[in-house]
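What follows is a set of notes on a single structure, which appears directly below.
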Amino acid sequence: MPVVHIVTVVPISVTVGANRIVPAVAIPHPLGNPKMSQEEEKLMRREMVVKSLETLTTDISEQTVF
Amino acid sequence: MKLEVGNIHVEELAFGNESTLSGHRVEIDKGTLINFIREIDHRITEVKLDIALPGEKTRIMPVKDVVEPRVKVSGKGHIFPGRNAGENDIVGEGRTHVLKGMTVMTTGKVVGFQEGIIDMSGTGAEYTPFSKTLNLVITCEVDDTCNQYDHEQILRTVGLETAREVGKLAKDAEADEVNTYETLPILEQAAQYPDLPKVGYVYMLQSQGLLHDTYLYGVDVKAIVPTLLYPTEVMDGAIFSGNCVSACDKNPSLVHQNSPIIHELYKHHGTKYNFMGVIVTNENVTLADKERSSNWVAKLAVQQGWDAAIVSEEGFGNPDADLVMNCNKLEGAGIKTVLVTDEYAGNQGESQSLADSTPKGDAVVSNGNANMIVELPAMERLIGHDTYVDMIAGGTEGSLRADGSISIEIQAITGATNELGFHNLTARQG
Amino acid sequence: MRILHYINQFFGQKGGEEAANHPIELVEGPVGPGGALNAALAGKAEISHTIICGDSYFNENEEVAVMGIKEIIDQVKPDLIVAGPAFNAGRYGVACGRVGKLAAELGLPCITGMYPENPGYDLYKQTAYMVETKNSAADMRKAIPNMAKLIASFIEKDGKLGMPAEEGYMPRNLRINMFAEKRGAARAVDMLIAKLGGEEFTTEYPMPVFDRVAPFKALASLKDAKIALVTSGGVVPKGNPDHIESSSAQKYGEYSIEGIDDLTEASHETAHGGYDPVKCNENSDVVLPVDVLRDLEKEGVIGSLHNMFYTTVGNGTSVSNSKKFGAEIAQKLLDAGVSAAILTST
């Protein structure tokens, strides 16, 4: 089953061997940002999740940071 | 910048009618000091003072900070600068007196997870350096108008201010020993030992948010770009702690005041190498910050002409990535590195130990495996609260037994795997 | 000190390959190589019983054999288990190693001996002290004194053996805590001086190389896909009902999100002790994006969101625990017909 890793510290994800990697916002809130309004934040989160879902339908041959 | 550090060895600590230092004995007037602490913030509801001595069957937890009483005798500035109005001078010059062998320790309900155990005897005492010091322990509680950030800030201030207040006793005392440390401005320092390799110290500081923060001249270091320090500045408290979670590898303020790698580097300064200075940097929570800070570390090291550096980490997990980035970028710039860290290798030591890795990290000092489990016997006296043992980092359900004994990872013990190499614990392949 | 000795059919004098199906037999006192071992340990320890078991019997009926040996241990109550030496006999080495693992599970020490290329070493090196032997029984003359020496040292030091090289056992690939003579800062400066001078130095932690898996083929479409959420960010139902540890997690949680469209301050929080929890405790969707996945489910962008999510705390949690959790979670997702997973980390 394909897996996408949403992660802030991308270099660790690369070191430990994740294949589909999507960079996140920050460690305490990978899919959020306290500086945004709730509506804006949710919109950003949706974009990140949609991007992550797209990686699951993308064939790759090696570790890829999207 | 030249600093004389005069140590007064404290061999006895007791409560008395008046706060005094006579010879090697410190007496504390409890009532007056409690009033002093209460004045620090109006949201403080309760203050209790205890003395915990080596060998006693005493447990202190959760330990927020451990601070060494120091006082400026001459030279500019104030111990722990940058916090109060009118205290913004640069420190690290002149003469400073230290009440050596005693500490001021803070406890109380510490916000969220209740971290940090210090046992004054038994197995736990072997793992914390603070079982060998004479400890003046403040239990401080605050009212419920405080949010978690306020609460942390109040306890932090109580520790620092009290240590400073106690430190004043040493101002006119005769020191038992005086050590002098000196680092010159960069060009002069480089010229002093032109034939020796230039080395420096990359001082990584925890900066991850609530109970994971560190302060430099009062500035939360998550907001700095890496910068340069004279090594003597830290001896006057330029860096102080706001963190204690996973207490084994967080640096209490006392460890910064006695910053071990700085002191060890001074020992061979001018004979084996030329110790040029310190770069302080952070361990922030975004990748952009990690990249920026590690780029700056390498840039500043090159700018100062370093040939080699010791890099110390604070904490574990994502800061392992900062450590690896600093290593790769320094080595990439031709600067040899020695990395100082600790390990999370599993209860039996069966796993790889760091979250990140690099083939360039070929010289690593390990301060021990924090996941190792120890049995802490029941103690006769508890200072603070042990209600939360099962929930703290290193604890699990059932860690605290009905008889008061504890089975827990050394992760929960203050200073057990200190990554500034303050202590002797290490781990080997066995 | 009472020793229980495990040996195979050959050294138990039951016969060669033709007796390899010999079932577990318990004998009082030492047998075969146990005789020499017992003599070498005279006055310090004694082999009270010997288990003889055929190599094929053990390997073909491992579960039954382990259970039988466990019963014997419960009955005999040894202080130490000795197995082999197995030299380069593969099935024998694996059996000795497995006996060592059983001993470890029961809180008992085990000392064995084998050739480093015996598969029993690689499989079980973390749970027994293994003396290095040559690849054939001709080495018995040396193997027995070496094992006796290690056992004697084990007794003398009350079980607190030193490092592999000094004690004479093969590395267990374990990280062992010890107190060094000099503090860490002084050792760092010594290492710096050595590295600067081009002298030899030994790193205290050789950096690991992590394993890799090939990327899995992509989904053909999202429209029929069942997507699951997994996190190491410690998101749990409010109150952390299974008490997942704030650091060094010993377990993971499996929680229903059936009928939940949004994680709120009232419903969820984080158990993670390694990051500032304030934001996640206000709105756990910032770590586990249930809200937007529910929207995408309703809009038909994805087939469905799996109604269970899986969570643990990645803070100071060992790779061995993480591997175990990962394998179990992956199996559960496969069993539930999940097509793909989103893993979030803090």
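To be explicit about the labels: the chains of the structure tokens are called A, B, and onward in the order shown, and within each one the residues are counted from 1, while ligands get numbers from 1 in the order they are shown.
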
Selection: 6 Å around Leu31 in chain A, only C-alpha atoms, excl. self and same-chain fewer than 4 positions, as a list of chain:residue names: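 Listing them by chain and then by number gives A:Arg45, C:Val286, C:Val287.
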
Distance-based interface of chain B with chain A, 6 Å, counting only C-alpha atoms, as a ChimeraX atom specification: /B:285-287,356

Distance in Å - CA of Val63 in chain B versus CA of Ile118 in chain B: 7.3 Å

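Distance annotation: of A:Glu54, A:Glu40, A:Asp59, A:Glu47, the residue with the minimal separation from chain C is A:Asp59; atom set is only C-alpha atoms.
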
Residue hits in chain C, query chain B, radius 8 Å, only C-alpha atoms, as an MDAnalysis selection string: chainID C and resid 126 163:164 171:189 191:193 195:196 201:209 243:248 273:277 315:321

Residue list for chain C near chain A as a PDB file with N, CA, C and O atoms, in the first residue's frame, 10 Å, only C-alpha atoms:
ATOM      1  N   VAL C 209      23.409   3.193   9.272  1.00  0.00           N
ATOM      2  CA  VAL C 209      22.846   3.302   7.928  1.00  0.00           C
ATOM      3  C   VAL C 209      21.449   2.692   8.011  1.00  0.00           C
ATOM      4  O   VAL C 209      21.284   1.598   8.536  1.00  0.00           O
ATOM      5  N   PHE C 210      20.452   3.436   7.553  1.00  0.00           N
ATOM      6  CA  PHE C 210      19.072   2.950   7.670  1.00  0.00           C
ATOM      7  C   PHE C 210      18.691   2.094   6.460  1.00  0.00           C
ATOM      8  O   PHE C 210      19.217   2.290   5.370  1.00  0.00           O
ATOM      9  N   ASP C 211      17.750   1.165   6.671  1.00  0.00           N
ATOM     10  CA  ASP C 211      17.344   0.305   5.544  1.00  0.00           C
ATOM     11  C   ASP C 211      16.367   1.034   4.620  1.00  0.00           C
ATOM     12  O   ASP C 211      15.807   2.071   4.946  1.00  0.00           O
ATOM     13  N   ARG C 212      16.189   0.500   3.456  1.00  0.00           N
ATOM     14  CA  ARG C 212      15.348   1.120   2.432  1.00  0.00           C
ATOM     15  C   ARG C 212      14.290   0.132   1.942  1.00  0.00           C
ATOM     16  O   ARG C 212      14.536  -1.069   1.924  1.00  0.00           O
ATOM     17  N   VAL C 213      13.138   0.644   1.550  1.00  0.00           N
ATOM     18  CA  VAL C 213      12.163  -0.207   0.850  1.00  0.00           C
ATOM     19  C   VAL C 213      11.846   0.446  -0.491  1.00  0.00           C
ATOM     20  O   VAL C 213      11.870   1.675  -0.622  1.00  0.00           O
ATOM     21  N   ALA C 214      11.539  -0.384  -1.483  1.00  0.00           N
ATOM     22  CA  ALA C 214      11.212   0.157  -2.811  1.00  0.00           C
ATOM     23  C   ALA C 214       9.870   0.877  -2.736  1.00  0.00           C
ATOM     24  O   ALA C 214       8.974   0.432  -2.029  1.00  0.00           O
ATOM     25  N   PRO C 215       9.712   1.989  -3.477  1.00  0.00           N
ATOM     26  CA  PRO C 215       8.421   2.694  -3.458  1.00  0.00           C
ATOM     27  C   PRO C 215       7.294   1.789  -3.967  1.00  0.00           C
ATOM     28  O   PRO C 215       7.483   1.039  -4.914  1.00  0.00           O
ATOM     29  N   PHE C 216       6.158   1.849  -3.319  1.00  0.00           N
ATOM     30  CA  PHE C 216       5.018   1.049  -3.746  1.00  0.00           C
ATOM     31  C   PHE C 216       4.361   1.722  -4.944  1.00  0.00           C
ATOM     32  O   PHE C 216       4.375   2.943  -5.072  1.00  0.00           O
ATOM     33  N   LYS C 217       3.756   0.897  -5.825  1.00  0.00           N
ATOM     34  CA  LYS C 217       3.145   1.496  -7.023  1.00  0.00           C
ATOM     35  C   LYS C 217       1.962   2.384  -6.636  1.00  0.00           C
ATOM     36  O   LYS C 217       1.322   2.188  -5.603  1.00  0.00           O
ATOM     37  N   ALA C 218       1.719   3.363  -7.494  1.00  0.00           N
ATOM     38  CA  ALA C 218       0.704   4.379  -7.185  1.00  0.00           C
ATOM     39  C   ALA C 218      -0.704   3.808  -7.294  1.00  0.00           C
ATOM     40  O   ALA C 218      -0.933   2.796  -7.966  1.00  0.00           O
ATOM     41  N   LEU C 219      -1.652   4.488  -6.640  1.00  0.00           N
ATOM     42  CA  LEU C 219      -3.068   4.135  -6.799  1.00  0.00           C
ATOM     43  C   LEU C 219      -3.525   4.569  -8.185  1.00  0.00           C
ATOM     44  O   LEU C 219      -3.088   5.612  -8.692  1.00  0.00           O
ATOM     45  N   ALA C 220      -4.430   3.787  -8.777  1.00  0.00           N
ATOM     46  CA  ALA C 220      -4.946   4.166 -10.093  1.00  0.00           C
ATOM     47  C   ALA C 220      -5.859   5.390  -9.951  1.00  0.00           C
ATOM     48  O   ALA C 220      -5.863   6.283 -10.794  1.00  0.00           O
ATOM     49  N   SER C 221      -6.620   5.415  -8.890  1.00  0.00           N
ATOM     50  CA  SER C 221      -7.538   6.542  -8.708  1.00  0.00           C
ATOM     51  C   SER C 221      -7.846   6.724  -7.228  1.00  0.00           C
ATOM     52  O   SER C 221      -7.737   5.784  -6.437  1.00  0.00           O
ATOM     53  N   LEU C 222      -8.214   7.957  -6.854  1.00  0.00           N
ATOM     54  CA  LEU C 222      -8.555   8.229  -5.465  1.00  0.00           C
ATOM     55  C   LEU C 222     -10.036   7.981  -5.195  1.00  0.00           C
ATOM     56  O   LEU C 222     -10.455   7.784  -4.069  1.00  0.00           O
ATOM     57  N   ILE C 227      -8.708   5.697   2.445  1.00  0.00           N
ATOM     58  CA  ILE C 227      -7.485   6.314   2.955  1.00  0.00           C
ATOM     59  C   ILE C 227      -7.468   6.227   4.489  1.00  0.00           C
ATOM     60  O   ILE C 227      -8.480   6.522   5.139  1.00  0.00           O
ATOM     61  N   ALA C 228      -6.328   5.854   5.034  1.00  0.00           N
ATOM     62  CA  ALA C 228      -6.214   5.776   6.497  1.00  0.00           C
ATOM     63  C   ALA C 228      -5.245   6.832   7.012  1.00  0.00           C
ATOM     64  O   ALA C 228      -4.323   7.241   6.307  1.00  0.00           O
ATOM     65  N   LEU C 229      -5.475   7.262   8.240  1.00  0.00           N
ATOM     66  CA  LEU C 229      -4.585   8.232   8.889  1.00  0.00           C
ATOM     67  C   LEU C 229      -3.789   7.555   9.997  1.00  0.00           C
ATOM     68  O   LEU C 229      -4.341   6.822  10.823  1.00  0.00           O
ATOM     69  N   VAL C 230      -2.473   7.821   9.977  1.00  0.00           N
ATOM     70  CA  VAL C 230      -1.573   7.276  10.993  1.00  0.00           C
ATOM     71  C   VAL C 230      -0.674   8.438  11.438  1.00  0.00           C
ATOM     72  O   VAL C 230      -0.282   9.255  10.606  1.00  0.00           O
ATOM     73  N   THR C 231      -0.373   8.524  12.715  1.00  0.00           N
ATOM     74  CA  THR C 231       0.483   9.633  13.162  1.00  0.00           C
ATOM     75  C   THR C 231       1.445   9.211  14.278  1.00  0.00           C
ATOM     76  O   THR C 231       1.130   8.326  15.077  1.00  0.00           O
ATOM     77  N   GLY C 233       2.415  11.781  16.060  1.00  0.00           N
ATOM     78  CA  GLY C 233       2.280  13.040  16.794  1.00  0.00           C
ATOM     79  C   GLY C 233       1.486  12.926  18.082  1.00  0.00           C
ATOM     80  O   GLY C 233       1.223  13.926  18.747  1.00  0.00           O
ATOM     81  N   HIS C 272       1.971  13.594  23.300  1.00  0.00           N
ATOM     82  CA  HIS C 272       3.396  13.736  22.963  1.00  0.00           C
ATOM     83  C   HIS C 272       4.075  14.725  23.918  1.00  0.00           C
ATOM     84  O   HIS C 272       3.577  15.826  24.113  1.00  0.00           O
ATOM     85  N   GLY C 274       7.216  15.848  23.468  1.00  0.00           N
ATOM     86  CA  GLY C 274       8.411  16.393  22.842  1.00  0.00           C
ATOM     87  C   GLY C 274       8.214  17.684  22.070  1.00  0.00           C
ATOM     88  O   GLY C 274       9.152  18.172  21.455  1.00  0.00           O
ATOM     89  N   TYR C 275       7.009  18.205  22.045  1.00  0.00           N
ATOM     90  CA  TYR C 275       6.812  19.494  21.372  1.00  0.00           C
ATOM     91  C   TYR C 275       5.784  20.318  22.140  1.00  0.00           C
ATOM     92  O   TYR C 275       5.053  19.796  22.981  1.00  0.00           O
ATOM     93  N   ASP C 276       5.739  21.607  21.848  1.00  0.00           N
ATOM     94  CA  ASP C 276       4.777  22.504  22.478  1.00  0.00           C
ATOM     95  C   ASP C 276       3.360  22.035  22.119  1.00  0.00           C
ATOM     96  O   ASP C 276       2.957  22.070  20.957  1.00  0.00           O
ATOM     97  N   PRO C 277       2.585  21.568  23.105  1.00  0.00           N
ATOM     98  CA  PRO C 277       1.305  20.917  22.805  1.00  0.00           C
ATOM     99  C   PRO C 277       0.119  21.873  22.666  1.00  0.00           C
ATOM    100  O   PRO C 277      -0.984  21.438  22.348  1.00  0.00           O
ATOM    101  N   VAL C 278       0.353  23.166  22.911  1.00  0.00           N
ATOM    102  CA  VAL C 278      -0.778  24.089  23.028  1.00  0.00           C
ATOM    103  C   VAL C 278      -1.661  24.084  21.778  1.00  0.00           C
ATOM    104  O   VAL C 278      -2.872  23.914  21.844  1.00  0.00           O
ATOM    105  N   LYS C 279      -1.041  24.205  20.603  1.00  0.00           N
ATOM    106  CA  LYS C 279      -1.804  24.287  19.355  1.00  0.00           C
ATOM    107  C   LYS C 279      -2.557  22.977  19.080  1.00  0.00           C
ATOM    108  O   LYS C 279      -3.739  22.990  18.726  1.00  0.00           O
ATOM    109  N   CYS C 280      -1.886  21.850  19.243  1.00  0.00           N
ATOM    110  CA  CYS C 280      -2.525  20.561  18.962  1.00  0.00           C
ATOM    111  C   CYS C 280      -3.662  20.293  19.943  1.00  0.00           C
ATOM    112  O   CYS C 280      -4.677  19.704  19.578  1.00  0.00           O
ATOM    113  N   ASN C 283      -6.698  22.186  18.667  1.00  0.00           N
ATOM    114  CA  ASN C 283      -7.296  21.687  17.434  1.00  0.00           C
ATOM    115  C   ASN C 283      -6.379  20.606  16.850  1.00  0.00           C
ATOM    116  O   ASN C 283      -5.428  20.902  16.138  1.00  0.00           O
ATOM    117  N   SER C 284      -6.686  19.360  17.146  1.00  0.00           N
ATOM    118  CA  SER C 284      -5.787  18.268  16.738  1.00  0.00           C
ATOM    119  C   SER C 284      -5.780  18.020  15.233  1.00  0.00           C
ATOM    120  O   SER C 284      -4.958  17.254  14.734  1.00  0.00           O
ATOM    121  N   ASP C 285      -6.691  18.662  14.487  1.00  0.00           N
ATOM    122  CA  ASP C 285      -6.649  18.546  13.025  1.00  0.00           C
ATOM    123  C   ASP C 285      -5.317  19.046  12.459  1.00  0.00           C
ATOM    124  O   ASP C 285      -4.921  18.659  11.367  1.00  0.00           O
ATOM    125  N   VAL C 286      -4.607  19.892  13.196  1.00  0.00           N
ATOM    126  CA  VAL C 286      -3.331  20.411  12.689  1.00  0.00           C
ATOM    127  C   VAL C 286      -2.256  19.320  12.687  1.00  0.00           C
ATOM    128  O   VAL C 286      -1.209  19.463  12.062  1.00  0.00           O
ATOM    129  N   VAL C 287      -2.502  18.221  13.391  1.00  0.00           N
ATOM    130  CA  VAL C 287      -1.581  17.081  13.349  1.00  0.00           C
ATOM    131  C   VAL C 287      -2.219  15.912  12.593  1.00  0.00           C
ATOM    132  O   VAL C 287      -1.548  15.200  11.841  1.00  0.00           O
ATOM    133  N   LEU C 288      -3.524  15.724  12.796  1.00  0.00           N
ATOM    134  CA  LEU C 288      -4.242  14.611  12.169  1.00  0.00           C
ATOM    135  C   LEU C 288      -5.427  15.207  11.404  1.00  0.00           C
ATOM    136  O   LEU C 288      -6.458  15.506  12.000  1.00  0.00           O
ATOM    137  N   PRO C 289      -5.296  15.422  10.090  1.00  0.00           N
ATOM    138  CA  PRO C 289      -6.260  16.272   9.361  1.00  0.00           C
ATOM    139  C   PRO C 289      -7.589  15.582   9.051  1.00  0.00           C
ATOM    140  O   PRO C 289      -7.974  15.408   7.899  1.00  0.00           O
ATOM    141  N   ASP C 291     -10.602  16.772   9.631  1.00  0.00           N
ATOM    142  CA  ASP C 291     -11.626  17.695   9.108  1.00  0.00           C
ATOM    143  C   ASP C 291     -11.610  17.761   7.583  1.00  0.00           C
ATOM    144  O   ASP C 291     -12.636  17.552   6.934  1.00  0.00           O
ATOM    145  N   VAL C 292     -10.416  17.990   6.996  1.00  0.00           N
ATOM    146  CA  VAL C 292     -10.411  18.166   5.530  1.00  0.00           C
ATOM    147  C   VAL C 292     -10.618  16.825   4.819  1.00  0.00           C
ATOM    148  O   VAL C 292     -11.227  16.776   3.745  1.00  0.00           O
ATOM    149  N   LEU C 293     -10.182  15.727   5.418  1.00  0.00           N
ATOM    150  CA  LEU C 293     -10.415  14.433   4.769  1.00  0.00           C
ATOM    151  C   LEU C 293     -11.898  14.069   4.772  1.00  0.00           C
ATOM    152  O   LEU C 293     -12.404  13.470   3.822  1.00  0.00           O
ATOM    153  N   ASP C 295     -14.271  16.322   4.541  1.00  0.00           N
ATOM    154  CA  ASP C 295     -14.804  17.152   3.453  1.00  0.00           C
ATOM    155  C   ASP C 295     -14.556  16.477   2.105  1.00  0.00           C
ATOM    156  O   ASP C 295     -15.450  16.377   1.266  1.00  0.00           O
ATOM    157  N   LEU C 296     -13.315  15.997   1.912  1.00  0.00           N
ATOM    158  CA  LEU C 296     -12.956  15.390   0.620  1.00  0.00           C
ATOM    159  C   LEU C 296     -13.735  14.093   0.392  1.00  0.00           C
ATOM    160  O   LEU C 296     -14.047  13.733  -0.751  1.00  0.00           O
ATOM    161  N   VAL C 301     -13.969  13.182  -3.589  1.00  0.00           N
ATOM    162  CA  VAL C 301     -12.580  13.212  -4.075  1.00  0.00           C
ATOM    163  C   VAL C 301     -11.877  11.901  -3.713  1.00  0.00           C
ATOM    164  O   VAL C 301     -11.151  11.321  -4.512  1.00  0.00           O
ATOM    165  N   ILE C 302     -12.136  11.422  -2.476  1.00  0.00           N
ATOM    166  CA  ILE C 302     -11.641  10.091  -2.110  1.00  0.00           C
ATOM    167  C   ILE C 302     -12.848   9.186  -1.880  1.00  0.00           C
ATOM    168  O   ILE C 302     -13.958   9.673  -1.626  1.00  0.00           O
ATOM    169  N   ALA C 330       0.366  -1.759   9.814  1.00  0.00           N
ATOM    170  CA  ALA C 330       0.258  -2.043   8.376  1.00  0.00           C
ATOM    171  C   ALA C 330      -0.624  -3.271   8.147  1.00  0.00           C
ATOM    172  O   ALA C 330      -1.474  -3.285   7.241  1.00  0.00           O
ATOM    173  N   LEU C 333      -4.239  -2.392   8.616  1.00  0.00           N
ATOM    174  CA  LEU C 333      -4.758  -1.595   7.500  1.00  0.00           C
ATOM    175  C   LEU C 333      -5.040  -2.496   6.306  1.00  0.00           C
ATOM    176  O   LEU C 333      -6.071  -2.369   5.639  1.00  0.00           O
ATOM    177  N   LEU C 334      -4.132  -3.438   6.040  1.00  0.00           N
ATOM    178  CA  LEU C 334      -4.336  -4.364   4.922  1.00  0.00           C
ATOM    179  C   LEU C 334      -5.590  -5.203   5.167  1.00  0.00           C
ATOM    180  O   LEU C 334      -6.417  -5.377   4.270  1.00  0.00           O
ATOM    181  N   GLY C 337      -8.764  -3.556   4.316  1.00  0.00           N
ATOM    182  CA  GLY C 337      -8.954  -3.156   2.926  1.00  0.00           C
ATOM    183  C   GLY C 337      -8.597  -1.713   2.639  1.00  0.00           C
ATOM    184  O   GLY C 337      -9.134  -1.102   1.711  1.00  0.00           O
ATOM    185  N   VAL C 338      -7.701  -1.146   3.417  1.00  0.00           N
ATOM    186  CA  VAL C 338      -7.270   0.238   3.183  1.00  0.00           C
ATOM    187  C   VAL C 338      -6.376   0.288   1.945  1.00  0.00           C
ATOM    188  O   VAL C 338      -5.544  -0.598   1.730  1.00  0.00           O
ATOM    189  N   SER C 339      -6.553   1.325   1.092  1.00  0.00           N
ATOM    190  CA  SER C 339      -5.776   1.395  -0.158  1.00  0.00           C
ATOM    191  C   SER C 339      -4.477   2.173  -0.004  1.00  0.00           C
ATOM    192  O   SER C 339      -3.509   1.910  -0.705  1.00  0.00           O
ATOM    193  N   ALA C 340      -4.465   3.177   0.893  1.00  0.00           N
ATOM    194  CA  ALA C 340      -3.258   3.989   1.051  1.00  0.00           C
ATOM    195  C   ALA C 340      -3.325   4.693   2.398  1.00  0.00           C
ATOM    196  O   ALA C 340      -4.410   4.854   2.966  1.00  0.00           O
ATOM    197  N   ALA C 341      -2.149   5.110   2.884  1.00  0.00           N
ATOM    198  CA  ALA C 341      -2.119   5.748   4.199  1.00  0.00           C
ATOM    199  C   ALA C 341      -1.408   7.090   4.139  1.00  0.00           C
ATOM    200  O   ALA C 341      -0.463   7.276   3.373  1.00  0.00           O
ATOM    201  N   ILE C 342      -1.904   8.016   4.966  1.00  0.00           N
ATOM    202  CA  ILE C 342      -1.210   9.285   5.187  1.00  0.00           C
ATOM    203  C   ILE C 342      -0.606   9.213   6.581  1.00  0.00           C
ATOM    204  O   ILE C 342      -1.320   8.982   7.562  1.00  0.00           O
ATOM    205  N   LEU C 343       0.731   9.359   6.653  1.00  0.00           N
ATOM    206  CA  LEU C 343       1.427   9.318   7.939  1.00  0.00           C
ATOM    207  C   LEU C 343       1.910  10.724   8.266  1.00  0.00           C
ATOM    208  O   LEU C 343       2.630  11.337   7.480  1.00  0.00           O
ATOM    209  N   THR C 344       1.476  11.251   9.395  1.00  0.00           N
ATOM    210  CA  THR C 344       1.953  12.584   9.779  1.00  0.00           C
ATOM    211  C   THR C 344       2.904  12.479  10.972  1.00  0.00           C
ATOM    212  O   THR C 344       2.699  11.651  11.856  1.00  0.00           O
ATOM    213  N   SER C 345       3.936  13.311  10.940  1.00  0.00           N
ATOM    214  CA  SER C 345       4.917  13.327  12.029  1.00  0.00           C
ATOM    215  C   SER C 345       5.056  14.724  12.592  1.00  0.00           C
ATOM    216  O   SER C 345       4.885  15.707  11.872  1.00  0.00           O
ATOM    217  N   THR C 346       5.396  14.777  13.861  1.00  0.00           N
ATOM    218  CA  THR C 346       5.654  16.087  14.468  1.00  0.00           C
ATOM    219  C   THR C 346       7.134  16.220  14.745  1.00  0.00           C
ATOM    220  O   THR C 346       7.882  15.287  14.529  1.00  0.00           O
TER     221      THR C 346
END

Strand (DSSP E or B) per DSSP on the backbone: members of range 88-263 of chain B, as JSON, numbers by chain: {"B": [94, 95, 96, 97, 98, 99, 100, 102, 103, 104, 105, 106, 107, 117, 118, 119, 134, 135, 136, 137, 138, 139, 140, 141, 142, 177, 178, 179, 180, 181, 182, 198, 199, 200, 201, 202, 203, 204, 205, 206, 212, 213, 214, 215, 216, 219, 220, 227, 228, 229, 239, 240, 241, 242, 243]}

Export of the given selection (C-alpha atoms) as a short mmCIF file (atom, residue, chain, number, x, y, z; two decimals), in the first residue's frame:
data_model
loop_
_atom_site.label_atom_id
_atom_site.label_comp_id
_atom_site.auth_asym_id
_atom_site.auth_seq_id
_atom_site.Cartn_x
_atom_site.Cartn_y
_atom_site.Cartn_z
CA GLY B 94 35.91 41.57 35.59
CA ARG B 95 35.43 39.30 38.57
CA THR B 96 32.60 36.95 39.55
CA HIS B 97 32.20 35.03 42.81
CA VAL B 98 30.55 31.64 43.00
CA LEU B 99 29.02 29.73 45.91
CA LYS B 100 30.48 26.45 44.69
CA MET B 102 25.42 24.58 46.45
CA THR B 103 22.46 25.18 44.16
CA VAL B 104 19.08 26.83 44.08
CA MET B 105 16.52 24.40 42.72
CA THR B 106 12.93 25.09 41.71
CA THR B 107 9.98 22.72 41.91
CA ILE B 117 13.73 13.66 39.25
CA ILE B 118 16.64 14.19 41.63
CA ASP B 119 17.27 11.54 44.30
CA LEU B 134 23.85 21.10 48.71
CA ASN B 135 20.47 22.12 47.38
CA LEU B 136 18.20 24.92 48.49
CA VAL B 137 14.87 23.83 47.04
CA ILE B 138 12.02 26.25 46.34
CA THR B 139 8.55 24.77 45.98
CA CYS B 140 6.52 27.48 44.28
CA GLU B 141 2.88 27.42 43.19
CA VAL B 142 0.95 30.02 41.18
CA GLU B 177 40.45 29.49 44.38
CA VAL B 178 40.48 31.91 41.49
CA ASN B 179 40.52 30.84 37.83
CA THR B 180 41.13 33.34 35.07
CA TYR B 181 39.68 32.90 31.59
CA GLU B 182 40.52 35.16 28.70
CA LYS B 198 41.89 27.48 15.42
CA VAL B 199 39.02 25.75 17.12
CA GLY B 200 35.60 26.83 18.30
CA TYR B 201 32.48 25.63 19.95
CA VAL B 202 29.03 25.37 18.35
CA TYR B 203 26.56 25.61 21.22
CA MET B 204 23.15 24.30 20.15
CA LEU B 205 20.23 25.38 22.34
CA GLN B 206 16.75 23.92 22.69
CA HIS B 212 11.58 23.56 25.49
CA ASP B 213 13.03 27.09 25.33
CA THR B 214 16.35 28.73 26.19
CA TYR B 215 17.24 32.39 26.65
CA LEU B 216 20.28 34.41 25.56
CA VAL B 219 15.98 36.76 24.22
CA ASP B 220 14.12 33.56 23.41
CA THR B 227 25.67 34.64 16.75
CA LEU B 228 29.08 34.89 18.40
CA LEU B 229 29.89 34.94 22.10
CA ILE B 239 22.45 31.73 28.62
CA PHE B 240 19.72 30.43 30.92
CA SER B 241 17.21 27.63 30.80
CA GLY B 242 13.48 27.60 30.20
CA ASN B 243 13.25 23.87 29.63
#

Length of the CA of Ala170 in chain B to CA of Glu152 in chain B vector [Å]: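 That distance, rounded to one decimal, is 28.2 Å.
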
Which of chain A DSSP labels alpha helix (DSSP H), written as a VMD selection string: chain A and resid 10 to 16 38 to 56

Which residue of C:Cys53, C:Cys110, C:Ile144, C:Ala45 approaches Ala20 in chain C most closely, using only C-alpha atoms: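 Of the candidates, the smallest distance to Ala20 in chain C is held by C:Cys53.
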
Length of the CA of Ile69 in chain C to CA of Ala40 in chain C vector [Å]: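 If I compute the distance from CA of Ile69 in chain C to CA of Ala40 in chain C, I get 25.3 Å.
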
Residues near Asp122 in chain C, cut-off 12 Å, only C-alpha atoms, skip fewer than 6 positions along chain, as number ranges by chain: C: 90, 93-94, 97-98, 114-116, 128, 130, 170-173
